[in-house]
file start-v5.cif (mmCIF, C-alpha atoms and all ligand atoms)
data_data
#
loop_
_atom_site.group_PDB
_atom_site.id
_atom_site.type_symbol
_atom_site.label_atom_id
_atom_site.label_comp_id
_atom_site.auth_asym_id
_atom_site.auth_seq_id
_atom_site.Cartn_x
_atom_site.Cartn_y
_atom_site.Cartn_z
ATOM 1 C CA MET A 1 10.494 -17.848 29.186
ATOM 2 C CA ASN A 2 11.787 -14.279 29.063
ATOM 3 C CA THR A 3 11.425 -12.101 25.989
ATOM 4 C CA SER A 4 14.648 -11.815 23.970
ATOM 5 C CA LEU A 5 13.472 -9.482 21.224
ATOM 6 C CA TYR A 6 10.944 -6.652 21.235
ATOM 7 C CA ILE A 7 9.829 -5.343 17.849
ATOM 8 C CA VAL A 8 8.795 -1.805 18.681
ATOM 9 C CA ALA A 9 6.603 0.445 16.535
ATOM 10 C CA THR A 10 7.447 4.159 16.726
ATOM 11 C CA PRO A 11 5.503 7.264 15.564
ATOM 12 C CA ILE A 12 5.140 8.111 11.862
ATOM 13 C CA GLY A 13 5.182 11.833 12.592
ATOM 14 C CA ASN A 14 3.476 12.772 15.840
ATOM 15 C CA LEU A 15 5.618 11.901 18.852
ATOM 16 C CA GLY A 16 2.467 11.802 20.962
ATOM 17 C CA ASP A 17 1.778 8.440 19.337
ATOM 18 C CA MET A 18 4.643 6.764 21.199
ATOM 19 C CA SER A 19 3.012 4.166 23.445
ATOM 20 C CA SER A 20 3.883 3.656 27.094
ATOM 21 C CA ARG A 21 4.728 0.004 26.348
ATOM 22 C CA ALA A 22 7.160 1.139 23.638
ATOM 23 C CA LEU A 23 8.817 3.572 26.066
ATOM 24 C CA GLU A 24 9.083 0.910 28.733
ATOM 25 C CA ALA A 25 10.643 -1.663 26.398
ATOM 26 C CA LEU A 26 13.115 0.828 24.927
ATOM 27 C CA SER A 27 14.154 1.980 28.402
ATOM 28 C CA HIS A 28 14.685 -1.509 29.800
ATOM 29 C CA VAL A 29 16.310 -3.600 27.060
ATOM 30 C CA ASP A 30 20.093 -4.035 26.977
ATOM 31 C CA VAL A 31 20.470 -2.812 23.400
ATOM 32 C CA ILE A 32 18.262 -1.073 20.836
ATOM 33 C CA LEU A 33 18.905 -2.219 17.269
ATOM 34 C CA ALA A 34 18.081 0.666 14.942
ATOM 35 C CA GLU A 35 17.691 0.973 11.191
ATOM 36 C CA ASP A 36 19.434 4.344 11.457
ATOM 37 C CA THR A 37 21.017 5.252 14.798
ATOM 38 C CA ARG A 38 20.943 9.007 14.020
ATOM 39 C CA VAL A 39 17.188 8.958 13.396
ATOM 40 C CA SER A 40 16.464 6.833 16.467
ATOM 41 C CA SER A 41 18.761 8.772 18.777
ATOM 42 C CA LYS A 42 16.656 11.910 18.132
ATOM 43 C CA LEU A 43 13.531 9.997 19.158
ATOM 44 C CA LEU A 44 15.217 8.491 22.213
ATOM 45 C CA ASN A 45 16.655 11.839 23.314
ATOM 46 C CA HIS A 46 13.184 13.350 23.139
ATOM 47 C CA PHE A 47 11.976 10.715 25.596
ATOM 48 C CA ASP A 48 15.136 10.883 27.710
ATOM 49 C CA ILE A 49 16.022 7.262 26.990
ATOM 50 C CA HIS A 50 19.733 6.457 27.039
ATOM 51 C CA THR A 51 19.820 2.760 26.132
ATOM 52 C CA LYS A 52 22.787 1.698 23.982
ATOM 53 C CA LEU A 53 22.076 1.794 20.224
ATOM 54 C CA GLU A 54 23.521 -0.492 17.531
ATOM 55 C CA ARG A 55 23.107 0.024 13.814
ATOM 56 C CA CYS A 56 21.076 -2.706 12.168
ATOM 57 C CA ASP A 57 20.023 -1.535 8.707
ATOM 58 C CA ASP A 58 19.244 -3.648 5.655
ATOM 59 C CA ASN A 59 22.921 -3.761 4.635
ATOM 60 C CA VAL A 60 24.205 -5.236 7.877
ATOM 61 C CA ILE A 61 21.259 -7.185 9.221
ATOM 62 C CA ALA A 62 21.858 -10.502 7.449
ATOM 63 C CA ALA A 63 25.534 -10.613 8.380
ATOM 64 C CA LYS A 64 24.887 -9.507 11.949
ATOM 65 C CA THR A 65 21.902 -11.759 12.722
ATOM 66 C CA PRO A 66 23.805 -14.969 13.714
ATOM 67 C CA GLU A 67 25.811 -12.972 16.281
ATOM 68 C CA LEU A 68 22.637 -11.300 17.592
ATOM 69 C CA ILE A 69 20.896 -14.666 17.968
ATOM 70 C CA GLU A 70 23.880 -16.006 19.965
ATOM 71 C CA ARG A 71 23.753 -12.936 22.194
ATOM 72 C CA MET A 72 20.022 -13.433 22.761
ATOM 73 C CA LYS A 73 20.666 -17.062 23.678
ATOM 74 C CA GLY A 74 23.257 -15.763 26.149
ATOM 75 C CA GLY A 75 20.559 -13.658 27.848
ATOM 76 C CA GLU A 76 20.925 -10.231 26.220
ATOM 77 C CA VAL A 77 17.605 -8.532 25.537
ATOM 78 C CA PHE A 78 17.109 -6.442 22.389
ATOM 79 C CA ALA A 79 14.564 -4.062 20.930
ATOM 80 C CA PHE A 80 14.387 -3.419 17.203
ATOM 81 C CA VAL A 81 13.158 -0.096 15.780
ATOM 82 C CA SER A 82 12.965 1.180 12.222
ATOM 83 C CA ASP A 83 13.124 4.878 11.311
ATOM 84 C CA ALA A 84 9.367 5.300 11.754
ATOM 85 C CA GLY A 85 6.265 3.168 12.050
ATOM 86 C CA THR A 86 6.136 -0.582 12.361
ATOM 87 C CA PRO A 87 9.313 -2.572 11.663
ATOM 88 C CA GLY A 88 8.906 -5.224 8.976
ATOM 89 C CA ILE A 89 6.277 -3.212 7.063
ATOM 90 C CA SER A 90 8.318 -2.020 4.041
ATOM 91 C CA ASP A 91 11.120 -1.739 6.580
ATOM 92 C CA PRO A 92 13.831 -4.020 8.007
ATOM 93 C CA GLY A 93 13.047 -6.322 10.909
ATOM 94 C CA THR A 94 11.568 -9.435 9.320
ATOM 95 C CA HIS A 95 14.864 -11.298 8.883
ATOM 96 C CA LEU A 96 15.735 -10.938 12.544
ATOM 97 C CA VAL A 97 12.269 -12.104 13.653
ATOM 98 C CA ASP A 98 12.501 -15.065 11.277
ATOM 99 C CA LYS A 99 15.848 -16.210 12.676
ATOM 100 C CA ALA A 100 14.886 -15.557 16.307
ATOM 101 C CA ARG A 101 11.778 -17.699 15.740
ATOM 102 C CA GLU A 102 13.852 -20.503 14.266
ATOM 103 C CA ALA A 103 16.000 -20.338 17.406
ATOM 104 C CA ASN A 104 12.848 -20.613 19.585
ATOM 105 C CA LEU A 105 13.492 -17.291 21.271
ATOM 106 C CA LYS A 106 10.596 -15.307 22.679
ATOM 107 C CA ILE A 107 9.603 -12.273 20.592
ATOM 108 C CA GLU A 108 7.092 -9.566 21.461
ATOM 109 C CA ALA A 109 5.694 -7.074 18.951
ATOM 110 C CA ILE A 110 4.766 -3.768 20.552
ATOM 111 C CA PRO A 111 1.994 -2.289 18.398
ATOM 112 C CA GLY A 112 1.884 1.280 17.157
ATOM 113 C CA PRO A 113 1.345 3.367 14.034
ATOM 114 C CA SER A 114 1.780 2.108 10.508
ATOM 115 C CA ALA A 115 1.101 4.382 7.542
ATOM 116 C CA VAL A 116 -0.761 1.654 5.620
ATOM 117 C CA ILE A 117 -3.378 1.295 8.351
ATOM 118 C CA GLN A 118 -3.727 5.015 9.038
ATOM 119 C CA ALA A 119 -4.204 5.750 5.305
ATOM 120 C CA LEU A 120 -6.896 3.072 5.024
ATOM 121 C CA VAL A 121 -8.708 4.486 8.039
ATOM 122 C CA LEU A 122 -8.503 8.047 6.677
ATOM 123 C CA SER A 123 -9.685 6.945 3.220
ATOM 124 C CA GLY A 124 -13.207 6.094 4.348
ATOM 125 C CA LEU A 125 -13.262 3.450 1.607
ATOM 126 C CA GLY A 126 -14.404 -0.147 2.048
ATOM 127 C CA ILE A 127 -11.473 -1.655 3.866
ATOM 128 C CA ASP A 128 -12.766 -5.068 4.906
ATOM 129 C CA THR A 129 -10.244 -6.491 2.484
ATOM 130 C CA PHE A 130 -7.132 -4.793 1.222
ATOM 131 C CA TYR A 131 -3.937 -5.692 -0.578
ATOM 132 C CA PHE A 132 -0.797 -3.960 0.627
ATOM 133 C CA ALA A 133 1.597 -3.719 -2.317
ATOM 134 C CA GLY A 134 4.362 -1.675 -0.603
ATOM 135 C CA PHE A 135 6.413 0.487 -2.986
ATOM 136 C CA PRO A 136 5.496 -0.149 -6.647
ATOM 137 C CA PRO A 137 8.303 -0.821 -9.146
ATOM 138 C CA ARG A 138 9.802 2.323 -10.672
ATOM 139 C CA LYS A 139 9.603 1.577 -14.415
ATOM 140 C CA LYS A 140 6.372 2.351 -16.269
ATOM 141 C CA GLN A 141 6.080 -1.053 -17.954
ATOM 142 C CA ALA A 142 6.577 -2.923 -14.671
ATOM 143 C CA GLN A 143 3.990 -0.703 -12.977
ATOM 144 C CA ILE A 144 1.397 -1.218 -15.713
ATOM 145 C CA GLU A 145 1.924 -4.996 -15.529
ATOM 146 C CA LEU A 146 1.557 -5.011 -11.737
ATOM 147 C CA PHE A 147 -1.546 -2.780 -11.749
ATOM 148 C CA SER A 148 -3.137 -4.839 -14.526
ATOM 149 C CA ALA A 149 -2.639 -7.982 -12.448
ATOM 150 C CA LEU A 150 -4.130 -6.270 -9.383
ATOM 151 C CA LYS A 151 -7.159 -5.047 -11.344
ATOM 152 C CA TYR A 152 -8.943 -8.305 -10.636
ATOM 153 C CA TYR A 153 -8.355 -8.365 -6.879
ATOM 154 C CA ALA A 154 -11.549 -7.995 -4.862
ATOM 155 C CA ALA A 155 -9.776 -5.630 -2.486
ATOM 156 C CA ALA A 156 -8.661 -2.049 -1.946
ATOM 157 C CA LEU A 157 -5.016 -1.603 -2.975
ATOM 158 C CA VAL A 158 -2.470 0.280 -0.895
ATOM 159 C CA PHE A 159 0.875 1.593 -2.134
ATOM 160 C CA TYR A 160 3.682 3.531 -0.518
ATOM 161 C CA GLU A 161 5.229 6.051 -2.880
ATOM 162 C CA SER A 162 7.884 8.748 -2.849
ATOM 163 C CA PRO A 163 6.804 12.346 -3.585
ATOM 164 C CA TYR A 164 9.254 12.373 -6.506
ATOM 165 C CA ARG A 165 7.531 9.499 -8.302
ATOM 166 C CA VAL A 166 3.918 9.867 -7.212
ATOM 167 C CA GLN A 167 2.808 11.881 -10.260
ATOM 168 C CA GLU A 168 4.006 9.214 -12.702
ATOM 169 C CA THR A 169 2.632 6.409 -10.571
ATOM 170 C CA LEU A 170 -0.793 8.085 -10.466
ATOM 171 C CA GLU A 171 -0.773 8.494 -14.249
ATOM 172 C CA ASN A 172 -0.008 4.789 -14.639
ATOM 173 C CA LEU A 173 -2.679 3.848 -12.104
ATOM 174 C CA ALA A 174 -5.160 6.072 -13.979
ATOM 175 C CA GLU A 175 -4.311 4.256 -17.200
ATOM 176 C CA VAL A 176 -5.364 0.929 -15.651
ATOM 177 C CA PHE A 177 -8.203 2.060 -13.321
ATOM 178 C CA PRO A 178 -9.427 5.413 -14.751
ATOM 179 C CA SER A 179 -12.703 5.606 -12.869
ATOM 180 C CA ARG A 180 -11.786 3.967 -9.566
ATOM 181 C CA THR A 181 -11.824 6.273 -6.574
ATOM 182 C CA ALA A 182 -8.411 6.780 -5.030
ATOM 183 C CA VAL A 183 -7.047 8.433 -1.948
ATOM 184 C CA LEU A 184 -3.727 10.182 -1.538
ATOM 185 C CA ALA A 185 -2.865 10.497 2.150
ATOM 186 C CA ARG A 186 0.120 12.739 2.818
ATOM 187 C CA GLU A 187 2.065 13.566 5.975
ATOM 188 C CA ILE A 188 -0.257 11.506 8.155
ATOM 189 C CA THR A 189 -0.250 12.631 11.830
ATOM 190 C CA LYS A 190 1.988 15.616 10.907
ATOM 191 C CA LEU A 191 1.315 19.350 10.726
ATOM 192 C CA HIS A 192 0.612 19.359 6.979
ATOM 193 C CA GLU A 193 -1.520 16.225 6.847
ATOM 194 C CA GLU A 194 -3.648 16.182 3.682
ATOM 195 C CA VAL A 195 -6.098 13.647 2.296
ATOM 196 C CA LEU A 196 -7.318 13.888 -1.318
ATOM 197 C CA ARG A 197 -10.077 11.574 -2.512
ATOM 198 C CA MET A 198 -11.385 11.495 -6.089
ATOM 199 C CA PRO A 199 -11.434 9.277 -9.206
ATOM 200 C CA LEU A 200 -7.908 8.320 -10.255
ATOM 201 C CA PHE A 201 -7.887 10.282 -13.499
ATOM 202 C CA GLU A 202 -8.874 13.434 -11.555
ATOM 203 C CA LEU A 203 -6.298 12.786 -8.860
ATOM 204 C CA ALA A 204 -3.577 12.471 -11.515
ATOM 205 C CA LYS A 205 -4.773 15.803 -13.004
ATOM 206 C CA GLU A 206 -4.924 17.493 -9.587
ATOM 207 C CA LEU A 207 -1.318 16.550 -8.865
ATOM 208 C CA LYS A 208 -0.168 17.659 -12.286
ATOM 209 C CA SER A 209 -1.670 21.093 -11.614
ATOM 210 C CA ARG A 210 0.530 21.495 -8.525
ATOM 211 C CA GLU A 211 4.033 22.878 -8.742
ATOM 212 C CA SER A 212 5.347 20.118 -6.484
ATOM 213 C CA ILE A 213 4.234 17.705 -3.839
ATOM 214 C CA LYS A 214 6.221 17.121 -0.681
ATOM 215 C CA GLY A 215 6.266 14.719 2.224
ATOM 216 C CA GLU A 216 5.449 11.090 2.787
ATOM 217 C CA ILE A 217 2.635 9.583 0.784
ATOM 218 C CA VAL A 218 0.316 6.577 0.797
ATOM 219 C CA LEU A 219 -2.012 5.821 -2.128
ATOM 220 C CA VAL A 220 -5.201 3.802 -1.692
ATOM 221 C CA VAL A 221 -7.163 2.583 -4.720
ATOM 222 C CA ASP A 222 -10.749 1.627 -3.959
ATOM 223 C CA ALA A 223 -11.879 -1.972 -4.384
ATOM 224 C CA PRO A 224 -13.903 -2.753 -7.543
ATOM 225 C CA ARG A 225 -17.593 -2.018 -6.983
ATOM 226 C CA ASN A 226 -20.961 -3.053 -8.391
ATOM 227 C CA GLU A 227 -23.405 -0.473 -9.755
ATOM 228 C CA ASP A 228 -25.132 -0.372 -6.354
ATOM 229 C CA GLY A 229 -21.861 0.574 -4.635
ATOM 230 C CA THR A 230 -21.212 -2.759 -2.967
ATOM 231 C CA VAL A 231 -17.675 -4.110 -3.190
ATOM 232 C CA LYS A 232 -17.357 -6.934 -5.706
ATOM 233 C CA ASN A 233 -16.436 -10.287 -4.236
ATOM 234 C CA ALA A 234 -13.620 -12.619 -5.278
ATOM 235 C CA LEU A 235 -15.913 -14.850 -7.315
ATOM 236 C CA GLU A 236 -17.284 -11.931 -9.357
ATOM 237 C CA MET A 237 -13.740 -10.726 -10.017
ATOM 238 C CA MET A 238 -12.660 -14.214 -11.070
ATOM 239 C CA GLN A 239 -15.526 -14.265 -13.601
ATOM 240 C CA GLU A 240 -14.444 -10.871 -14.941
ATOM 241 C CA LEU A 241 -10.875 -12.071 -15.247
ATOM 242 C CA THR A 242 -11.967 -15.167 -17.165
ATOM 243 C CA GLN A 243 -14.047 -12.987 -19.455
ATOM 244 C CA SER A 244 -11.185 -10.561 -20.014
ATOM 245 C CA LEU A 245 -8.988 -13.442 -21.114
ATOM 246 C CA SER A 246 -11.488 -14.465 -23.791
ATOM 247 C CA PRO A 247 -10.730 -13.536 -27.420
ATOM 248 C CA LEU A 248 -13.326 -10.730 -27.210
ATOM 249 C CA ALA A 249 -11.160 -8.886 -24.721
ATOM 250 C CA SER A 250 -8.591 -7.952 -27.336
ATOM 251 C CA LEU A 251 -11.256 -6.053 -29.305
ATOM 252 C CA SER A 252 -11.789 -2.301 -29.046
ATOM 253 C CA SER A 253 -14.988 -1.271 -27.270
ATOM 254 C CA GLU A 254 -16.591 -0.453 -30.671
ATOM 255 C CA GLU A 255 -15.667 -3.838 -32.179
ATOM 256 C CA PHE A 256 -16.880 -5.534 -29.014
ATOM 257 C CA ILE A 257 -20.281 -3.780 -29.254
ATOM 258 C CA LYS A 258 -20.623 -4.604 -32.976
ATOM 259 C CA GLN A 259 -19.866 -8.254 -32.326
ATOM 260 C CA LYS A 260 -22.435 -8.453 -29.518
ATOM 261 C CA LEU A 261 -25.090 -6.624 -31.613
ATOM 262 C CA ALA A 262 -24.450 -9.073 -34.443
ATOM 263 C CA GLU A 263 -24.972 -11.931 -31.978
ATOM 264 C CA GLY A 264 -28.394 -10.384 -31.183
ATOM 265 C CA MET A 265 -27.649 -9.507 -27.570
ATOM 266 C CA LYS A 266 -29.950 -6.911 -25.940
ATOM 267 C CA LYS A 267 -28.484 -3.379 -25.811
ATOM 268 C CA SER A 268 -28.827 -3.116 -22.029
ATOM 269 C CA GLN A 269 -26.939 -6.406 -21.605
ATOM 270 C CA ILE A 270 -24.221 -5.244 -24.008
ATOM 271 C CA ALA A 271 -23.888 -2.012 -22.021
ATOM 272 C CA LYS A 272 -23.442 -4.045 -18.854
ATOM 273 C CA GLU A 273 -20.669 -6.139 -20.423
ATOM 274 C CA VAL A 274 -18.957 -3.127 -22.010
ATOM 275 C CA SER A 275 -18.998 -1.355 -18.664
ATOM 276 C CA ARG A 276 -17.417 -4.349 -16.946
ATOM 277 C CA THR A 277 -14.904 -5.260 -19.658
ATOM 278 C CA PHE A 278 -13.665 -1.745 -20.360
ATOM 279 C CA ASP A 279 -14.058 -0.332 -16.846
ATOM 280 C CA ILE A 280 -16.367 2.527 -17.859
ATOM 281 C CA ASN A 281 -19.582 3.536 -16.166
ATOM 282 C CA ARG A 282 -22.865 1.924 -17.239
ATOM 283 C CA ASP A 283 -24.528 5.117 -18.594
ATOM 284 C CA GLU A 284 -21.531 5.926 -20.764
ATOM 285 C CA ALA A 285 -21.439 2.337 -21.988
ATOM 286 C CA TYR A 286 -25.157 2.484 -22.893
ATOM 287 C CA THR A 287 -24.662 5.744 -24.818
ATOM 288 C CA MET A 288 -21.883 4.050 -26.787
ATOM 289 C CA VAL A 289 -24.042 1.020 -27.549
ATOM 290 C CA VAL A 290 -27.033 3.011 -28.833
ATOM 291 C CA GLY A 291 -24.690 5.170 -30.913
ATOM 292 C CA ILE A 292 -23.396 2.214 -32.930
ATOM 293 C CA ASN A 293 -25.262 0.898 -35.947
ATOM 294 C CA LEU A 294 -24.394 -2.296 -37.760
HETATM 295 N N1 LIG B 301 7.351 0.880 8.499
HETATM 296 C C1 LIG B 301 6.648 2.065 8.097
HETATM 297 C C2 LIG B 301 5.163 1.918 8.447
HETATM 298 O O1 LIG B 301 4.848 1.088 9.285
HETATM 299 O O2 LIG B 301 4.341 2.656 7.900
HETATM 300 C C3 LIG B 301 6.844 2.353 6.611
HETATM 301 C C4 LIG B 301 8.271 2.604 6.232
HETATM 302 S S1 LIG B 301 8.503 2.917 4.529
HETATM 303 C C5 LIG B 301 10.243 2.871 4.393
HETATM 304 C C6 LIG B 301 8.226 4.638 4.389
HETATM 305 C C7 LIG B 301 6.953 4.955 3.585
HETATM 306 O O3 LIG B 301 5.814 4.842 4.438
HETATM 307 C C8 LIG B 301 6.903 6.375 3.070
HETATM 308 O O4 LIG B 301 7.598 6.494 1.832
HETATM 309 C C9 LIG B 301 5.423 6.587 2.902
HETATM 310 O O5 LIG B 301 4.963 5.967 1.725
HETATM 311 C C10 LIG B 301 4.868 5.828 4.112
HETATM 312 N N2 LIG B 301 4.741 6.737 5.263
HETATM 313 C C11 LIG B 301 5.463 6.721 6.399
HETATM 314 N N3 LIG B 301 5.067 7.705 7.230
HETATM 315 C C12 LIG B 301 4.066 8.351 6.608
HETATM 316 C C13 LIG B 301 3.234 9.472 6.937
HETATM 317 N N4 LIG B 301 3.368 10.112 8.088
HETATM 318 N N5 LIG B 301 2.295 9.861 6.040
HETATM 319 C C14 LIG B 301 2.153 9.217 4.867
HETATM 320 N N6 LIG B 301 2.909 8.167 4.509
HETATM 321 C C15 LIG B 301 3.846 7.732 5.354
#
call {"tool": "encode", "arguments": {"input": "start-v5.cif", "output": "structure tokens"}}
result
Amino acid sequence: MNTSLYIVATPIGNLGDMSSRALEALSHVDVILAEDTRVSSKLLNHFDIHTKLERCDDNVIAAKTPELIERMKGGEVFAFVSDAGTPGISDPGTHLVDKAREANLKIEAIPGPSAVIQALVLSGLGIDTFYFAGFPPRKKQAQIELFSALKYYAAALVFYESPYRVQETLENLAEVFPSRTAVLAREITKLHEEVLRMPLFELAKELKSRESIKGEIVLVVDAPRNEDGTVKNALEMMQELTQSLSPLASLSSEEFIKQKLAEGMKKSQIAKEVSRTFDINRDEAYTMVVGINL
């Protein structure tokens, strides 16, 4: 069975990252379907590829897909490219793959860069498990709700964000995960590549101190960790979630400590619970506990 559709990843900045398989597919297909033909024609010109281009952005893809599937069945071979990176990852492409699969056509994905993966690699954080959240919602309330739900995931979190909204998004992230380490990876593979790594509240401050921030940005929030630095597992996070849903969770940290002292719990144990429930470090929590008298 011959391939009808190639999903081709393209560079996210450095043209040297174009793979030889990508070049071969783009040179030999009948038509390249592009998210934006102007963006892709620059890339193709650079590599001296003159294959016919057809526009296939999010606005036209659904309407155009039945015709494309018929053409594939008739023997035409297509490649799909988005503006940069891997199609289907916060980019168009998925709908076409879905329908081509339903029609039992052969699809090949030609691997290449994707900003989510490159940012995780650059972060140096524990990336055995991660949750890719794409672009967060724009409104503050919606962001806080999303981040609060993700707080209990035993995984690093990855977000794409625009430079115009990143400051606000970091402030909202810092509200939910003040002490988690975060990474801002900017302009990956480009001339002005920059990677900042620090606790979220500091990262929000660092950005605020800058006049502006430009370029393409990925944010990585570290997975929740135990005191010894190991990443917490799903079961531990489930227990924390259950605890946070208990009536005690609606108390302030001071009320929480008073209640636990009244129950006769040991101060070190209270500090451990305060640290976990209110996401503050254990030493700070212990100082709070010993500072409160009934
Ligand atoms: N499909 C692409 C991929 O595989 O990475 C993502 C497309 S999405 C529309 C564009 C977003 O990806 C940008 O807003 C930014 O968050 C991220 N991004 C793309 N290129 C990047 C780069 N060179 N450095 C940092 N982030 C990048």
call {"tool": "residues_near_ligand", "arguments": {"input": "start-v5.cif", "ligand": "ligand LIG 301 (chain B)", "cutoff": "7 Å", "atoms": "all atoms listed in the file", "output": "list in words"}}
result
Ile12, Gly13, Ser82, Ala84, Gly85, Thr86, Pro87, Gly88, Ile89, Ser90, Asp91, Pro113, Ser114, Ala115, Val116, Tyr160, Glu161, Ser162, Ala185, Arg186, Glu187, Ile188, Thr189, Lys190, Glu216, Ile217 and Val218 of chain A
call {"tool": "atom_distance", "arguments": {"input": "start-v5.cif", "atom1": "CA of Thr65 in chain A", "atom2": "CA of Ser27 in chain A"}}
result
22.2 Å
call {"tool": "residues_around", "arguments": {"input": "start-v5.cif", "residues": "Ser4 in chain A", "least_positions_apart": "3", "cutoff": "12 Å", "atoms": "only C-alpha atoms", "output": "NGL selection string"}}
result
:A and (1 or 7 or 25 or 28-32 or 68-80 or 96-97 or 100-101 or 103-109)
call {"tool": "atom_distance", "arguments": {"input": "start-v5.cif", "atom1": "CA of Ala9 in chain A", "atom2": "CA of Asp58 in chain A"}}
result
17.2 Å
call {"tool": "resolve_selection", "arguments": {"input": "start-v5.cif", "expression": "the PyMOL selection byres (((chain A and resi 128) around 10) and not hetatm)", "output": "short mmCIF file (atom, residue, chain, number, x, y, z; two decimals) with C-alpha atoms, in the coordinates of the input"}}
result
data_model
loop_
_atom_site.label_atom_id
_atom_site.label_comp_id
_atom_site.auth_asym_id
_atom_site.auth_seq_id
_atom_site.Cartn_x
_atom_site.Cartn_y
_atom_site.Cartn_z
CA LEU A 125 -13.26 3.45 1.61
CA GLY A 126 -14.40 -0.15 2.05
CA ILE A 127 -11.47 -1.66 3.87
CA THR A 129 -10.24 -6.49 2.48
CA PHE A 130 -7.13 -4.79 1.22
CA ALA A 155 -9.78 -5.63 -2.49
CA ALA A 156 -8.66 -2.05 -1.95
CA ALA A 223 -11.88 -1.97 -4.38
CA VAL A 231 -17.68 -4.11 -3.19
#
call {"tool": "resolve_selection", "arguments": {"input": "start-v5.cif", "expression": "the PyMOL selection byres (((chain A and resi 208) around 12) and not hetatm)", "output": "list in words"}}
result
Arg165, Val166, Gln167, Glu168, Thr169, Leu170, Glu171, Phe201, Glu202, Leu203, Ala204, Lys205, Glu206, Leu207, Ser209, Arg210, Glu211, Ser212 and Ile213 of chain A
call {"tool": "write_last_selection", "arguments": {"input": "start-v5.cif", "atoms": "C-alpha atoms", "output": "mmCIF file, keeping the file's coordinate frame"}}
result
data_model
loop_
_atom_site.group_PDB
_atom_site.id
_atom_site.type_symbol
_atom_site.label_atom_id
_atom_site.label_comp_id
_atom_site.auth_asym_id
_atom_site.auth_seq_id
_atom_site.Cartn_x
_atom_site.Cartn_y
_atom_site.Cartn_z
ATOM 1 C CA ARG A 165 7.531 9.499 -8.302
ATOM 2 C CA VAL A 166 3.918 9.867 -7.212
ATOM 3 C CA GLN A 167 2.808 11.881 -10.260
ATOM 4 C CA GLU A 168 4.006 9.214 -12.702
ATOM 5 C CA THR A 169 2.632 6.409 -10.571
ATOM 6 C CA LEU A 170 -0.793 8.085 -10.466
ATOM 7 C CA GLU A 171 -0.773 8.494 -14.249
ATOM 8 C CA PHE A 201 -7.887 10.282 -13.499
ATOM 9 C CA GLU A 202 -8.874 13.434 -11.555
ATOM 10 C CA LEU A 203 -6.298 12.786 -8.860
ATOM 11 C CA ALA A 204 -3.577 12.471 -11.515
ATOM 12 C CA LYS A 205 -4.773 15.803 -13.004
ATOM 13 C CA GLU A 206 -4.924 17.493 -9.587
ATOM 14 C CA LEU A 207 -1.318 16.550 -8.865
ATOM 15 C CA SER A 209 -1.670 21.093 -11.614
ATOM 16 C CA ARG A 210 0.530 21.495 -8.525
ATOM 17 C CA GLU A 211 4.033 22.878 -8.742
ATOM 18 C CA SER A 212 5.347 20.118 -6.484
ATOM 19 C CA ILE A 213 4.234 17.705 -3.839
#
call {"tool": "resolve_selection", "arguments": {"input": "start-v5.cif", "expression": "the PyMOL selection byres (((chain A and resi 15) around 10) and not hetatm)", "output": "count of residues only"}}
result
14
call {"tool": "atom_distance", "arguments": {"input": "start-v5.cif", "atom1": "CA of Gln239 in chain A", "atom2": "CA of Arg197 in chain A"}}
result
28.6 Å
call {"tool": "closest_residue", "arguments": {"input": "start-v5.cif", "among": "A:Ala285, A:Ala149, A:Val220, A:Ile61", "to": "Arg180 in chain A", "atoms": "all atoms listed in the file"}}
result
A:Val220
